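Engineer: Okay, handing you the structure first.
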Amino acid sequence: METLEQIKCRIEAAIPGVGLDIQCNRVVPGQASLVVPPARALEVARFLRDDSRLALDYCSNVSGVDWLDRVVEEHVRVTRLVDGQERVFEECRERRVPGHLEAVYHLYSMRLKHGPVILRQRTVNRVDQARLASLTPVWRSAEFQEREAYDLFGIVFEGHPDLRRILMWDEFRDSPMRKDYVEPDDYEYEPTPHDDLREKARRHYPIEADA
Amino acid sequence: MDEGLRSELSRQGVFATTIQDLYNWGCRNSLWPLNFGLACCAIEMIAASMARFDIARFGAEVFRPSPRQADLMIVAGTVTKKMAPQVVRLYNQMPEPKYVIAMGACAISGGPFKRGYNVLKGIDRYVPVDVHIPGCPPRPEALLHALITLQEKIASRKLTGPSRARAFQEEAPGEFPVPEYGPYDLVPAKNTDLWRPKPITRNE
């Protein structure tokens, strides 16, 4: 299979002005992924499926990811003039990344037996603009998993044929897999509470006076 | 009836019993379970009904697909909050006298999913449970043990008098409120008439 850089170049040649990005995986260098803007995601998906050299006809997995506001440390090389000489310094800069939601698609080719190509879509923020393009029209196998991401993360997939909750009940009003989800306060006795459970135990059961 | 007199009579070829004993004998040896499973415990329940363990030895092999024909509910598996109203509704539709076995860690307490947002912390919050079986999942022998325990409970039940079993008390409820789906949890989160845990204080 082609490298992700080659795939990116070919998509950009086929769909002008698409604005792709490659995100490296610092833990596993071989698993970089392609970040696709939601507005053009459907075109990119069609290209990946219909291109004869890629033929990514199978979407094995759709995942939701929740990113809170975070600060990333970056090491940058800068050149500065010190005593009339140019010298290279390594600086640590902090960059604030606003919170967003992600949908990650893992694509394989059944016909050519290669893959995966990893596709990412990102929302603008986590609150009122959590909208992405549904890729169900391209890969039917994404239907239930996009519904699950909608149910548990609150990502709205535009163009999905049947966007309803799939695991929680229809009347439920929350996104349980988000990192700031507050679960119902129904703590019950735990024999050996620790960490945050210990705090809950403190709140729910008063300590014995004479113990 | 006096036990000595009864054995003396039986030695003479006279069989004497009471309506209560006869009724309980018939009832406990023909428990018809409701045919439904919720998770992996149901696989053990199926194993208990097959040849090796053979629940038919205890007269409980007639798994009924309709709650109208069943008198034993085996809650075999994790009860999610989405499933709980249906389980309570099935219990309400069963005719009296009816019994419940909560099978496995999940059905009795939520088990490994106890801290989850979506799992009920024990079916005894909504329906009265007669026998709890611990285990994850319990072996078929454990289910058979629970069945025998339930049979002993039925054998000793009273049909009349102030201490008669719940099924024969006119004022005791045979149906329990079905919880509704709320925006964050089931409403109500537990049936407080039914489920009254002992107050716990911590020792530290």
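By order of appearance in the structure tokens: chains A, B, ..., then residues from 1 within every chain, and ligands from 1 in the order shown.
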Using the chain letters and numbers from this document, which residues of range 73-189 of chain B does DSSP assign to strand (DSSP E or B), as JSON, numbers by chain?
Structural biologist: {"B": [73, 74, 75, 76, 80, 99, 100, 101, 102, 103, 119, 131, 132, 133, 180, 181, 186, 187]}
Engineer: Mind dumping the selected residues with C-alpha atoms as a PDB file, in the first residue's frame?
Structural biologist:
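As a result, selection-v2.pdb now contains:
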ATOM      1  CA  MET B  73     -38.357 -15.848  37.301  1.00  0.00           C
ATOM      2  CA  ILE B  74     -34.627 -16.545  37.058  1.00  0.00           C
ATOM      3  CA  VAL B  75     -32.969 -13.164  36.592  1.00  0.00           C
ATOM      4  CA  ALA B  76     -29.860 -14.516  34.896  1.00  0.00           C
ATOM      5  CA  THR B  80     -29.105  -2.646  32.636  1.00  0.00           C
ATOM      6  CA  TYR B  99     -40.904 -16.529  42.923  1.00  0.00           C
ATOM      7  CA  VAL B 100     -37.688 -14.828  41.866  1.00  0.00           C
ATOM      8  CA  ILE B 101     -34.148 -16.194  41.835  1.00  0.00           C
ATOM      9  CA  ALA B 102     -31.495 -13.514  41.307  1.00  0.00           C
ATOM     10  CA  MET B 103     -28.682 -15.396  39.630  1.00  0.00           C
ATOM     11  CA  VAL B 119     -26.315  -0.877  35.293  1.00  0.00           C
ATOM     12  CA  VAL B 131     -33.036 -16.571  46.569  1.00  0.00           C
ATOM     13  CA  HIS B 132     -29.790 -14.790  45.726  1.00  0.00           C
ATOM     14  CA  ILE B 133     -26.988 -16.799  44.073  1.00  0.00           C
ATOM     15  CA  GLU B 180     -39.740   5.085  33.967  1.00  0.00           C
ATOM     16  CA  TYR B 181     -36.867   6.329  31.861  1.00  0.00           C
ATOM     17  CA  LEU B 186     -34.516   5.589  36.159  1.00  0.00           C
ATOM     18  CA  VAL B 187     -37.388   7.321  37.968  1.00  0.00           C
TER      19      VAL B 187
END
Engineer: Should the cut-off be 10 Å, what would the residue list for chain B against chain A look like, counting only C-alpha atoms, as a PyMOL selection string?
Structural biologist: chain B and resi 80-83+109+114-118+121+180-186+189+199-204
Engineer: Taking 5 positions as the minimum chain separation for residues in the same chain, which residues sit within 9 Å of range 91-95 of chain B when counting only C-alpha atoms? Answer as a list in words.
Structural biologist: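 The neighbour list is Leu34, Ser66, Pro67, Arg68, Gln69, Ala70, Asp71, Leu72, Met73, Gln86, Val100, Val127, Gly174, Glu175, Phe176, Pro177 and Val178 of chain B.
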Engineer: Have a look at A:Ser141, A:Ser52, A:Thr79, A:Ser33 and name the one nearest to Arg111 in chain A; count only C-alpha atoms.
Structural biologist: A:Ser52
